[in-house]
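Participant: Okay, handing you the structure first.
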Amino acid sequence: MTERLLILIASINMFIAVAAGAFGAHGLKKILSDDLLAVWQTAVTYQMAHALGLFAIALIMPRMQSALLGWAGILMLAGIIIFSGSLYALALSGVRVLGAITPIGGVCFLLAWALLAMAAYRQLR
């Protein structure tokens, strides 16, 4: 994954996260229960944090020529889709079994951050 593609993907995810946050605060506040609204907010928070992570990876790529960074970006995007996507779906549908998918996205996030750390560590040697 190239740095320019990561910036595009990060920007789209930030846009979606901001829109989803506003939608949750204004459009869903009277529709969803407090616990489902909290689930929605968790999805927004993680999407936004990891979209910023995608920006960070894109900014680091020119300084650290490592294939691990591309894989970190792919895993971070997969984490956003699986983690936040499953929580958005859970909040809107109320189908709690969707929460069983969420940890897969969390593992993608963890792996992405681990690959970023590995890339940085390799630069130290």
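Residue numbers start at 1 in each chain; chains themselves are named A, B, ... in the order of the structure tokens; ligands are numbered from 1 in the order shown.
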Go through stretch 31-84 of chain A residue by residue and, counting only C-alpha atoms, keep those with an atom at most 12 Å from stretch 11-25 of chain A; for each kept residue give the shortest atom pair and its distance in Å to one decimal, ordered by chain and increasing number, as CSV.

Facilitator:
residue,atom,partner,partner_atom,distance
A:Ile31,CA,A:Gly24,CA,9.5
A:Leu32,CA,A:Gly24,CA,8.9
A:Ser33,CA,A:Gly24,CA,11.4
A:Asp34,CA,A:Gly24,CA,11.1
A:Leu36,CA,A:Gly24,CA,10.1
A:Leu37,CA,A:Gly24,CA,7.0
A:Ala38,CA,A:Gly24,CA,9.4
A:Val39,CA,A:Gly24,CA,10.2
A:Trp40,CA,A:Gly24,CA,6.9
A:Gln41,CA,A:Gly21,CA,6.8
A:Thr42,CA,A:Gly21,CA,9.8
A:Ala43,CA,A:Ala17,CA,8.4
A:Val44,CA,A:Ala17,CA,5.3
A:Thr45,CA,A:Ala17,CA,7.7
A:Tyr46,CA,A:Ala17,CA,8.9
A:Gln47,CA,A:Ala17,CA,6.1
A:Met48,CA,A:Ala17,CA,5.6
A:Ala49,CA,A:Met14,CA,8.9
A:His50,CA,A:Asn13,CA,8.7
A:Ala51,CA,A:Asn13,CA,5.8
A:Leu52,CA,A:Met14,CA,7.7
A:Gly53,CA,A:Met14,CA,10.7
A:Leu54,CA,A:Ser11,CA,9.0
A:Phe55,CA,A:Ser11,CA,8.1
A:Ala56,CA,A:Ser11,CA,11.9
A:Ala58,CA,A:Ser11,CA,11.4
A:Met76,CA,A:Asn13,CA,11.2
A:Leu77,CA,A:Asn13,CA,9.0
A:Ala78,CA,A:Asn13,CA,11.8
A:Gly79,CA,A:Asn13,CA,11.9
A:Ile80,CA,A:Asn13,CA,8.5
A:Ile81,CA,A:Asn13,CA,9.7
A:Ser84,CA,A:Ala17,CA,9.6

Participant: Counting only C-alpha atoms, what is within 10 Å of A:Gln123, bar same-chain residues fewer than 3 positions away, as a list in words?

Facilitator: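 The residues satisfying every condition are Arg63, Met64, Gln65, Ser66, Ala117, Met118, Ala119 and Ala120 of chain A.
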
Participant: Using only C-alpha atoms, which of A:Ile101, A:Leu87, A:Leu115, A:Leu110 sits nearest A:Ala72?

Facilitator: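 The shortest atom-to-atom distance to A:Ala72 comes from A:Leu115.
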